[in-house]
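Student: Following this line is data.pdb, made up of PDB, C-alpha atoms:
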ATOM      1  CA  MET A   1       6.674 -12.588 -15.878  1.00  0.00           C
ATOM      2  CA  SER A   2       7.457 -14.458 -12.683  1.00  0.00           C
ATOM      3  CA  ARG A   3       5.770 -13.423  -9.450  1.00  0.00           C
ATOM      4  CA  ILE A   4       9.064 -11.918  -8.291  1.00  0.00           C
ATOM      5  CA  ASP A   5       9.413  -9.931 -11.531  1.00  0.00           C
ATOM      6  CA  LYS A   6       5.852  -8.637 -11.152  1.00  0.00           C
ATOM      7  CA  ALA A   7       6.562  -7.465  -7.616  1.00  0.00           C
ATOM      8  CA  PHE A   8       9.715  -5.599  -8.613  1.00  0.00           C
ATOM      9  CA  ALA A   9       7.982  -3.990 -11.591  1.00  0.00           C
ATOM     10  CA  LEU A  10       5.801  -2.201  -9.010  1.00  0.00           C
ATOM     11  CA  LYS A  11       8.504  -1.669  -6.348  1.00  0.00           C
ATOM     12  CA  ALA A  12       8.787  -4.719  -4.126  1.00  0.00           C
ATOM     13  CA  LYS A  13       7.501  -4.439  -0.569  1.00  0.00           C
ATOM     14  CA  ILE A  14       8.999  -7.497   1.105  1.00  0.00           C
ATOM     15  CA  ALA A  15       7.724  -8.553   4.528  1.00  0.00           C
ATOM     16  CA  TYR A  16       9.418 -11.154   6.735  1.00  0.00           C
ATOM     17  CA  LEU A  17       7.991 -13.312   9.507  1.00  0.00           C
ATOM     18  CA  THR A  18       9.189 -16.588  10.981  1.00  0.00           C
ATOM     19  CA  ALA A  19       6.922 -19.509  10.127  1.00  0.00           C
ATOM     20  CA  GLY A  20       5.288 -21.016  13.191  1.00  0.00           C
ATOM     21  CA  ASP A  21       5.657 -17.869  15.287  1.00  0.00           C
ATOM     22  CA  GLY A  22       2.056 -16.924  15.957  1.00  0.00           C
ATOM     23  CA  ASP A  23      -1.039 -17.100  13.782  1.00  0.00           C
ATOM     24  CA  SER A  24      -0.412 -18.038  10.133  1.00  0.00           C
ATOM     25  CA  ASP A  25      -2.941 -15.341   9.167  1.00  0.00           C
ATOM     26  CA  TYR A  26      -0.271 -12.793  10.067  1.00  0.00           C
ATOM     27  CA  PHE A  27       1.208 -13.451   6.628  1.00  0.00           C
ATOM     28  CA  MET A  28      -2.073 -12.689   4.912  1.00  0.00           C
ATOM     29  CA  ALA A  29      -2.445  -9.554   7.047  1.00  0.00           C
ATOM     30  CA  LEU A  30       0.837  -8.331   5.544  1.00  0.00           C
ATOM     31  CA  VAL A  31      -0.437  -9.118   2.041  1.00  0.00           C
ATOM     32  CA  ARG A  32      -3.648  -7.193   2.714  1.00  0.00           C
ATOM     33  CA  ALA A  33      -1.495  -4.293   3.867  1.00  0.00           C
ATOM     34  CA  GLY A  34       0.424  -4.137   0.592  1.00  0.00           C
ATOM     35  CA  ALA A  35       3.286  -6.612   0.820  1.00  0.00           C
ATOM     36  CA  ASN A  36       3.824  -8.133  -2.624  1.00  0.00           C
ATOM     37  CA  VAL A  37       6.649 -10.455  -1.534  1.00  0.00           C
ATOM     38  CA  LEU A  38       6.503 -12.609   1.594  1.00  0.00           C
ATOM     39  CA  GLU A  39       9.765 -13.767   3.117  1.00  0.00           C
ATOM     40  CA  ILE A  40       8.990 -16.810   5.258  1.00  0.00           C
ATOM     41  CA  GLY A  41      11.626 -17.822   7.766  1.00  0.00           C
ATOM     42  CA  ILE A  42      12.405 -21.473   8.490  1.00  0.00           C
ATOM     43  CA  PRO A  43      13.275 -21.642  12.203  1.00  0.00           C
ATOM     44  CA  PHE A  44      16.795 -22.679  13.169  1.00  0.00           C
ATOM     45  CA  SER A  45      18.380 -23.005  16.598  1.00  0.00           C
ATOM     46  CA  ASP A  46      21.500 -20.952  15.805  1.00  0.00           C
ATOM     47  CA  PRO A  47      20.501 -18.024  13.550  1.00  0.00           C
ATOM     48  CA  VAL A  48      23.863 -16.245  13.557  1.00  0.00           C
ATOM     49  CA  ALA A  49      22.916 -13.580  10.977  1.00  0.00           C
ATOM     50  CA  ASP A  50      19.901 -12.443  12.962  1.00  0.00           C
ATOM     51  CA  GLY A  51      19.536 -10.109  15.892  1.00  0.00           C
ATOM     52  CA  LEU A  52      17.558 -10.697  19.083  1.00  0.00           C
ATOM     53  CA  SER A  53      14.078 -10.166  17.615  1.00  0.00           C
ATOM     54  CA  ILE A  54      14.331 -12.915  15.007  1.00  0.00           C
ATOM     55  CA  GLN A  55      16.395 -15.154  17.307  1.00  0.00           C
ATOM     56  CA  LEU A  56      13.525 -15.100  19.812  1.00  0.00           C
ATOM     57  CA  ALA A  57      10.955 -15.639  17.050  1.00  0.00           C
ATOM     58  CA  MET A  58      12.826 -18.729  15.913  1.00  0.00           C
ATOM     59  CA  GLU A  59      13.002 -19.991  19.499  1.00  0.00           C
ATOM     60  CA  ARG A  60       9.244 -19.520  19.880  1.00  0.00           C
ATOM     61  CA  SER A  61       8.620 -21.290  16.582  1.00  0.00           C
ATOM     62  CA  LEU A  62      10.797 -24.265  17.499  1.00  0.00           C
ATOM     63  CA  LYS A  63       9.059 -24.532  20.873  1.00  0.00           C
ATOM     64  CA  ASN A  64       5.795 -24.650  18.940  1.00  0.00           C
ATOM     65  CA  GLY A  65       7.127 -27.723  17.144  1.00  0.00           C
ATOM     66  CA  THR A  66       7.587 -26.109  13.748  1.00  0.00           C
ATOM     67  CA  SER A  67       9.237 -28.458  11.265  1.00  0.00           C
ATOM     68  CA  ILE A  68      10.164 -28.011   7.623  1.00  0.00           C
ATOM     69  CA  ALA A  69       7.043 -29.986   6.734  1.00  0.00           C
ATOM     70  CA  LYS A  70       4.965 -27.500   8.747  1.00  0.00           C
ATOM     71  CA  VAL A  71       6.647 -24.555   7.025  1.00  0.00           C
ATOM     72  CA  LEU A  72       5.784 -26.002   3.616  1.00  0.00           C
ATOM     73  CA  GLU A  73       2.216 -26.549   4.800  1.00  0.00           C
ATOM     74  CA  ILE A  74       2.056 -22.853   5.697  1.00  0.00           C
ATOM     75  CA  VAL A  75       3.403 -21.984   2.237  1.00  0.00           C
ATOM     76  CA  ARG A  76       0.638 -24.085   0.658  1.00  0.00           C
ATOM     77  CA  GLU A  77      -1.998 -22.353   2.774  1.00  0.00           C
ATOM     78  CA  ILE A  78      -0.730 -18.924   1.761  1.00  0.00           C
ATOM     79  CA  ARG A  79      -0.404 -19.860  -1.903  1.00  0.00           C
ATOM     80  CA  ALA A  80      -4.036 -20.993  -1.942  1.00  0.00           C
ATOM     81  CA  GLN A  81      -5.049 -17.470  -0.892  1.00  0.00           C
ATOM     82  CA  THR A  82      -2.736 -15.156  -2.809  1.00  0.00           C
ATOM     83  CA  ASP A  83      -0.522 -14.845  -5.863  1.00  0.00           C
ATOM     84  CA  VAL A  84       2.178 -12.707  -4.233  1.00  0.00           C
ATOM     85  CA  ALA A  85       5.758 -13.922  -4.476  1.00  0.00           C
ATOM     86  CA  ILE A  86       6.982 -16.177  -1.661  1.00  0.00           C
ATOM     87  CA  ILE A  87      10.644 -16.449  -0.663  1.00  0.00           C
ATOM     88  CA  LEU A  88      11.878 -18.980   1.878  1.00  0.00           C
ATOM     89  CA  PHE A  89      14.537 -17.603   4.231  1.00  0.00           C
ATOM     90  CA  THR A  90      16.702 -20.295   5.788  1.00  0.00           C
ATOM     91  CA  TYR A  91      20.062 -21.342   7.109  1.00  0.00           C
ATOM     92  CA  PHE A  92      21.761 -24.216   5.328  1.00  0.00           C
ATOM     93  CA  ASN A  93      21.749 -26.645   8.255  1.00  0.00           C
ATOM     94  CA  PRO A  94      17.987 -27.394   8.285  1.00  0.00           C
ATOM     95  CA  ILE A  95      17.839 -28.132   4.544  1.00  0.00           C
ATOM     96  CA  GLN A  96      21.217 -29.673   3.673  1.00  0.00           C
ATOM     97  CA  ASN A  97      20.041 -33.266   4.057  1.00  0.00           C
ATOM     98  CA  ASN A  98      17.823 -34.205   1.104  1.00  0.00           C
ATOM     99  CA  LEU A  99      18.417 -30.749  -0.388  1.00  0.00           C
ATOM    100  CA  GLU A 100      17.010 -31.625  -3.798  1.00  0.00           C
ATOM    101  CA  LYS A 101      13.869 -33.168  -2.286  1.00  0.00           C
ATOM    102  CA  PHE A 102      13.324 -30.079  -0.129  1.00  0.00           C
ATOM    103  CA  LEU A 103      13.686 -27.702  -3.070  1.00  0.00           C
ATOM    104  CA  HIS A 104      11.241 -29.719  -5.172  1.00  0.00           C
ATOM    105  CA  GLU A 105       8.748 -29.734  -2.319  1.00  0.00           C
ATOM    106  CA  ALA A 106       9.205 -25.995  -1.776  1.00  0.00           C
ATOM    107  CA  LYS A 107       8.477 -25.328  -5.433  1.00  0.00           C
ATOM    108  CA  GLU A 108       5.442 -27.619  -5.397  1.00  0.00           C
ATOM    109  CA  ALA A 109       4.129 -25.878  -2.258  1.00  0.00           C
ATOM    110  CA  GLY A 110       4.179 -22.552  -4.073  1.00  0.00           C
ATOM    111  CA  ALA A 111       7.511 -20.940  -3.178  1.00  0.00           C
ATOM    112  CA  ASP A 112       9.173 -18.767  -5.810  1.00  0.00           C
ATOM    113  CA  GLY A 113      12.655 -18.506  -4.381  1.00  0.00           C
ATOM    114  CA  ILE A 114      15.011 -19.248  -1.526  1.00  0.00           C
ATOM    115  CA  LEU A 115      17.542 -17.217   0.424  1.00  0.00           C
ATOM    116  CA  VAL A 116      20.146 -19.289   2.283  1.00  0.00           C
ATOM    117  CA  VAL A 117      21.675 -16.620   4.438  1.00  0.00           C
ATOM    118  CA  ASP A 118      24.785 -18.436   5.689  1.00  0.00           C
ATOM    119  CA  LEU A 119      25.895 -20.243   2.524  1.00  0.00           C
ATOM    120  CA  PRO A 120      28.940 -18.539   0.975  1.00  0.00           C
ATOM    121  CA  PHE A 121      28.851 -18.038  -2.787  1.00  0.00           C
ATOM    122  CA  GLU A 122      31.873 -20.306  -3.220  1.00  0.00           C
ATOM    123  CA  GLU A 123      30.003 -23.201  -1.553  1.00  0.00           C
ATOM    124  CA  GLY A 124      26.660 -22.655  -3.271  1.00  0.00           C
ATOM    125  CA  ALA A 125      27.178 -24.260  -6.686  1.00  0.00           C
ATOM    126  CA  GLN A 126      24.940 -27.254  -5.935  1.00  0.00           C
ATOM    127  CA  LEU A 127      22.154 -25.021  -4.617  1.00  0.00           C
ATOM    128  CA  ARG A 128      22.332 -22.765  -7.674  1.00  0.00           C
ATOM    129  CA  PHE A 129      22.301 -25.765 -10.031  1.00  0.00           C
ATOM    130  CA  LEU A 130      19.288 -27.323  -8.332  1.00  0.00           C
ATOM    131  CA  CYS A 131      17.379 -24.051  -8.112  1.00  0.00           C
ATOM    132  CA  ASP A 132      17.967 -23.372 -11.809  1.00  0.00           C
ATOM    133  CA  ASN A 133      16.682 -26.830 -12.743  1.00  0.00           C
ATOM    134  CA  ILE A 134      13.684 -26.710 -10.412  1.00  0.00           C
ATOM    135  CA  GLY A 135      12.699 -23.134 -11.197  1.00  0.00           C
ATOM    136  CA  LEU A 136      13.349 -21.449  -7.877  1.00  0.00           C
ATOM    137  CA  ALA A 137      15.071 -18.074  -7.664  1.00  0.00           C
ATOM    138  CA  GLN A 138      18.252 -18.267  -5.607  1.00  0.00           C
ATOM    139  CA  ILE A 139      18.521 -14.939  -3.798  1.00  0.00           C
ATOM    140  CA  ALA A 140      22.030 -13.657  -3.103  1.00  0.00           C
ATOM    141  CA  VAL A 141      22.976 -11.143  -0.415  1.00  0.00           C
ATOM    142  CA  SER A 142      25.484  -8.311  -0.723  1.00  0.00           C
ATOM    143  CA  ALA A 143      26.844  -6.195   2.117  1.00  0.00           C
ATOM    144  CA  PRO A 144      28.347  -2.711   2.548  1.00  0.00           C
ATOM    145  CA  SER A 145      31.766  -4.366   2.307  1.00  0.00           C
ATOM    146  CA  SER A 146      31.000  -6.128  -1.012  1.00  0.00           C
ATOM    147  CA  SER A 147      33.253  -4.955  -3.835  1.00  0.00           C
ATOM    148  CA  PRO A 148      31.849  -4.014  -7.264  1.00  0.00           C
ATOM    149  CA  GLU A 149      33.303  -7.250  -8.606  1.00  0.00           C
ATOM    150  CA  ARG A 150      31.581  -9.247  -5.875  1.00  0.00           C
ATOM    151  CA  ILE A 151      28.239  -7.552  -6.546  1.00  0.00           C
ATOM    152  CA  GLU A 152      28.535  -8.380 -10.238  1.00  0.00           C
ATOM    153  CA  GLN A 153      29.397 -11.984  -9.389  1.00  0.00           C
ATOM    154  CA  LEU A 154      26.512 -12.390  -6.939  1.00  0.00           C
ATOM    155  CA  SER A 155      23.982 -10.870  -9.320  1.00  0.00           C
ATOM    156  CA  THR A 156      25.244 -12.869 -12.292  1.00  0.00           C
ATOM    157  CA  TYR A 157      24.905 -16.249 -10.600  1.00  0.00           C
ATOM    158  CA  GLY A 158      21.996 -15.395  -8.307  1.00  0.00           C
ATOM    159  CA  SER A 159      18.471 -14.853  -9.582  1.00  0.00           C
ATOM    160  CA  GLY A 160      15.230 -13.082  -8.718  1.00  0.00           C
ATOM    161  CA  PHE A 161      16.775 -10.061  -7.014  1.00  0.00           C
ATOM    162  CA  LEU A 162      19.854  -9.018  -5.072  1.00  0.00           C
ATOM    163  CA  TYR A 163      19.296  -8.440  -1.371  1.00  0.00           C
ATOM    164  CA  TYR A 164      21.446  -5.539  -0.167  1.00  0.00           C
ATOM    165  CA  ALA A 165      21.954  -5.748   3.601  1.00  0.00           C
ATOM    166  CA  CYS A 166      22.638  -2.067   4.198  1.00  0.00           C
ATOM    167  CA  ARG A 167      24.403  -2.502   7.548  1.00  0.00           C
ATOM    168  CA  LYS A 168      27.152  -4.670   8.926  1.00  0.00           C
ATOM    169  CA  GLY A 169      26.177  -6.988  11.748  1.00  0.00           C
ATOM    170  CA  THR A 170      22.865  -8.692  12.401  1.00  0.00           C
ATOM    171  CA  THR A 171      19.236  -7.923  11.692  1.00  0.00           C
ATOM    172  CA  GLY A 172      17.207  -5.665  13.981  1.00  0.00           C
ATOM    173  CA  THR A 173      15.171  -2.467  13.950  1.00  0.00           C
ATOM    174  CA  LYS A 174      16.908   0.905  13.670  1.00  0.00           C
ATOM    175  CA  ASP A 175      15.581   4.459  13.888  1.00  0.00           C
ATOM    176  CA  GLU A 176      17.462   5.801  10.881  1.00  0.00           C
ATOM    177  CA  LEU A 177      19.162   4.636   7.718  1.00  0.00           C
ATOM    178  CA  PRO A 178      22.933   4.935   7.228  1.00  0.00           C
ATOM    179  CA  GLU A 179      23.825   8.481   6.170  1.00  0.00           C
ATOM    180  CA  ASP A 180      25.298   7.325   2.865  1.00  0.00           C
ATOM    181  CA  ILE A 181      22.432   4.989   2.005  1.00  0.00           C
ATOM    182  CA  VAL A 182      21.494   6.691  -1.295  1.00  0.00           C
ATOM    183  CA  SER A 183      25.006   6.619  -2.706  1.00  0.00           C
ATOM    184  CA  ARG A 184      25.513   3.044  -1.541  1.00  0.00           C
ATOM    185  CA  ILE A 185      22.278   1.845  -3.156  1.00  0.00           C
ATOM    186  CA  ASN A 186      23.202   3.609  -6.386  1.00  0.00           C
ATOM    187  CA  GLU A 187      26.600   1.919  -6.329  1.00  0.00           C
ATOM    188  CA  VAL A 188      25.032  -1.511  -5.821  1.00  0.00           C
ATOM    189  CA  LYS A 189      22.500  -0.889  -8.598  1.00  0.00           C
ATOM    190  CA  LYS A 190      25.291   0.237 -10.901  1.00  0.00           C
ATOM    191  CA  HIS A 191      26.990  -3.149 -10.642  1.00  0.00           C
ATOM    192  CA  SER A 192      24.000  -5.462 -10.162  1.00  0.00           C
ATOM    193  CA  LYS A 193      22.431  -7.301 -13.062  1.00  0.00           C
ATOM    194  CA  LEU A 194      19.332  -7.896 -10.905  1.00  0.00           C
ATOM    195  CA  PRO A 195      16.781  -5.648  -9.176  1.00  0.00           C
ATOM    196  CA  VAL A 196      18.028  -4.521  -5.771  1.00  0.00           C
ATOM    197  CA  ALA A 197      16.040  -4.799  -2.530  1.00  0.00           C
ATOM    198  CA  VAL A 198      17.351  -3.135   0.627  1.00  0.00           C
ATOM    199  CA  GLY A 199      16.926  -4.468   4.160  1.00  0.00           C
ATOM    200  CA  PHE A 200      18.451  -4.724   7.656  1.00  0.00           C
ATOM    201  CA  GLY A 201      16.970  -2.258  10.105  1.00  0.00           C
ATOM    202  CA  VAL A 202      14.090  -0.861   8.030  1.00  0.00           C
ATOM    203  CA  SER A 203      11.361  -0.077  10.536  1.00  0.00           C
ATOM    204  CA  ASN A 204       9.298   2.973   9.597  1.00  0.00           C
ATOM    205  CA  ASN A 205       7.564   4.685   6.706  1.00  0.00           C
ATOM    206  CA  ASN A 206      10.211   7.384   6.222  1.00  0.00           C
ATOM    207  CA  MET A 207      12.867   4.719   5.758  1.00  0.00           C
ATOM    208  CA  VAL A 208      10.698   2.788   3.298  1.00  0.00           C
ATOM    209  CA  ASN A 209      10.070   5.867   1.195  1.00  0.00           C
ATOM    210  CA  LYS A 210      13.715   6.915   1.147  1.00  0.00           C
ATOM    211  CA  ILE A 211      14.785   3.439   0.061  1.00  0.00           C
ATOM    212  CA  LEU A 212      12.132   3.134  -2.642  1.00  0.00           C
ATOM    213  CA  GLU A 213      13.137   6.462  -4.154  1.00  0.00           C
ATOM    214  CA  VAL A 214      16.350   4.715  -5.202  1.00  0.00           C
ATOM    215  CA  ALA A 215      16.079   0.945  -4.819  1.00  0.00           C
ATOM    216  CA  ASP A 216      13.750  -1.538  -6.505  1.00  0.00           C
ATOM    217  CA  GLY A 217      12.409  -2.917  -3.247  1.00  0.00           C
ATOM    218  CA  CYS A 218      12.658  -2.809   0.537  1.00  0.00           C
ATOM    219  CA  VAL A 219      12.605  -5.521   3.181  1.00  0.00           C
ATOM    220  CA  ILE A 220      10.994  -5.206   6.610  1.00  0.00           C
ATOM    221  CA  GLY A 221      11.469  -8.020   9.085  1.00  0.00           C
ATOM    222  CA  SER A 222      12.285  -7.354  12.725  1.00  0.00           C
ATOM    223  CA  TYR A 223       9.677  -4.585  13.007  1.00  0.00           C
ATOM    224  CA  PHE A 224       6.893  -7.011  12.107  1.00  0.00           C
ATOM    225  CA  VAL A 225       8.420  -9.797  14.207  1.00  0.00           C
ATOM    226  CA  ASN A 226       8.388  -7.455  17.219  1.00  0.00           C
ATOM    227  CA  GLN A 227       4.669  -6.806  16.700  1.00  0.00           C
ATOM    228  CA  VAL A 228       3.978 -10.530  16.621  1.00  0.00           C
ATOM    229  CA  ALA A 229       5.914 -10.889  19.883  1.00  0.00           C
ATOM    230  CA  LYS A 230       3.480  -8.392  21.422  1.00  0.00           C
ATOM    231  CA  ASN A 231       0.596 -10.694  20.424  1.00  0.00           C
ATOM    232  CA  VAL A 232      -1.101  -8.116  18.223  1.00  0.00           C
ATOM    233  CA  THR A 233      -4.147  -9.300  16.306  1.00  0.00           C
ATOM    234  CA  SER A 234      -4.006  -9.864  12.550  1.00  0.00           C
ATOM    235  CA  SER A 235      -6.071  -6.711  12.065  1.00  0.00           C
ATOM    236  CA  GLU A 236      -3.677  -4.683  14.196  1.00  0.00           C
ATOM    237  CA  LEU A 237      -0.680  -6.021  12.288  1.00  0.00           C
ATOM    238  CA  GLU A 238      -2.399  -5.198   8.995  1.00  0.00           C
ATOM    239  CA  GLN A 239      -2.953  -1.590  10.070  1.00  0.00           C
ATOM    240  CA  LEU A 240       0.630  -1.182  11.281  1.00  0.00           C
ATOM    241  CA  ALA A 241       1.941  -2.629   8.013  1.00  0.00           C
ATOM    242  CA  LYS A 242      -0.267  -0.296   5.952  1.00  0.00           C
ATOM    243  CA  GLU A 243       1.270   2.667   7.763  1.00  0.00           C
ATOM    244  CA  VAL A 244       4.810   1.415   7.179  1.00  0.00           C
ATOM    245  CA  PHE A 245       4.294   0.438   3.523  1.00  0.00           C
ATOM    246  CA  HIS A 246       2.485   3.635   2.474  1.00  0.00           C
ATOM    247  CA  VAL A 247       4.539   4.997  -0.419  1.00  0.00           C
ATOM    248  CA  ASN A 248       4.596   8.731  -1.022  1.00  0.00           C
ATOM    249  CA  THR A 249       6.760   8.567  -4.124  1.00  0.00           C
ATOM    250  CA  VAL A 250       5.646   7.617  -7.615  1.00  0.00           C
ATOM    251  CA  GLU A 251       6.055   3.894  -8.084  1.00  0.00           C
ATOM    252  CA  GLY A 252       7.515   2.183 -11.126  1.00  0.00           C
TER
END
Produce structure tokens that represent the structure in this file.

Tutor:
Amino acid sequence: MSRIDKAFALKAKIAYLTAGDGDSDYFMALVRAGANVLEIGIPFSDPVADGLSIQLAMERSLKNGTSIAKVLEIVREIRAQTDVAIILFTYFNPIQNNLEKFLHEAKEAGADGILVVDLPFEEGAQLRFLCDNIGLAQIAVSAPSSSPERIEQLSTYGSGFLYYACRKGTTGTKDELPEDIVSRINEVKKHSKLPVAVGFGVSNNNMVNKILEVADGCVIGSYFVNQVAKNVTSSELEQLAKEVFHVNTVEG
């Protein structure tokens, strides 16, 4: 089984942070807290799919001089310490030049997959071809507006898992899930050929548990990014993540 498959066999707890935004040990703090998939953001100056929290994190990272080479160095450091799955989250602009070289280097550094958030399916044939040849999962994203046919298409040509962004708009913490979240997740799962992870706005333990009762995984990003912005210690972030990731339901 791949690392991604192993994570989803246990219910995937996916944690996002932007590379270069604060101490690299933050990633390992999330692993110690129970994250079995790390989503590592490559900073970009115009992150149109992200809300204010991740926009500011990417600004801080770029001001810190974070390059793609530095991101891959962070991936290598993490891979040397843990066997959890690692997904690179990126926009297409930073990686489009020398795309094949970047993907090879990402794989060699220890990444298991890549999510290119702004690349439409119709323009992603080269990425899918390269990822298939190199052995990287190419994560596709579906939205509340995605038709059953679109979900089937995305999950057929994507790999690893299908990321269901459960809200329209940009990323950011929310206090509650959409009222129809259970029925929507069930509908996505009905048409997806891949495991389904749910994200966008997940920010507390009740939301995690409700999602994992139905979905195969959940994604938490802005909540953790906000903690980093407060300059919490790695130990403090680990404790906060343990509280969020605590699962009351039976896993599997």

Student: What's the 8 Å shell around region 211-221 of chain A, counting all atoms listed in the file, without same-chain residues fewer than 4 positions away, as a list in words?

Tutor: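 Surrounding residues, per the criterion: Phe8, Lys11, Ala12, Lys13, Ile14, Ala15, Tyr16, Leu17, Gly172, Val182, Ile185, Asn186, Lys189, Pro195, Val196, Ala197, Val198, Gly199, Phe200, Gly201, Val202, Ser203, Met207, Val225 and Thr249 of chain A.
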
Student: For the provided coordinates, the residues matched by the PyMOL selection byres ((chain A and resi 121) around 9) should be stated as a PyMOL selection string.

Tutor: chain A and resi 119-120+122-125+140+153-154+157

Student: Could you write out as a short mmCIF file (atom, residue, chain, number, x, y, z; two decimals) with C-alpha atoms, in the frame of the given file the residues that the PyMOL selection byres ((chain A and resi 81) around 12) matches in the shown file?

Tutor:
data_model
loop_
_atom_site.label_atom_id
_atom_site.label_comp_id
_atom_site.auth_asym_id
_atom_site.auth_seq_id
_atom_site.Cartn_x
_atom_site.Cartn_y
_atom_site.Cartn_z
CA SER A 24 -0.41 -18.04 10.13
CA ASP A 25 -2.94 -15.34 9.17
CA PHE A 27 1.21 -13.45 6.63
CA MET A 28 -2.07 -12.69 4.91
CA ALA A 29 -2.44 -9.55 7.05
CA VAL A 31 -0.44 -9.12 2.04
CA ARG A 32 -3.65 -7.19 2.71
CA ILE A 74 2.06 -22.85 5.70
CA VAL A 75 3.40 -21.98 2.24
CA ARG A 76 0.64 -24.08 0.66
CA GLU A 77 -2.00 -22.35 2.77
CA ILE A 78 -0.73 -18.92 1.76
CA ARG A 79 -0.40 -19.86 -1.90
CA ALA A 80 -4.04 -20.99 -1.94
CA THR A 82 -2.74 -15.16 -2.81
CA ASP A 83 -0.52 -14.84 -5.86
CA VAL A 84 2.18 -12.71 -4.23
CA ALA A 85 5.76 -13.92 -4.48
CA GLY A 110 4.18 -22.55 -4.07
#

Student: Rounded to one decimal, what separation in Å do you get between CA of Ile4 (chain A) and CA of Lys107 (chain A)?

Tutor: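 Atom-to-atom, CA of Ile4 (chain A) and CA of Lys107 (chain A) are spaced 13.7 Å apart.
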
Student: So, counting all atoms listed in the file, which residue among A:Val117, A:Leu194, A:Val188, A:Leu56 is closest to Thr18 (chain A)?

Tutor: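 Selected residue with least distance to Thr18 (chain A): A:Leu56.
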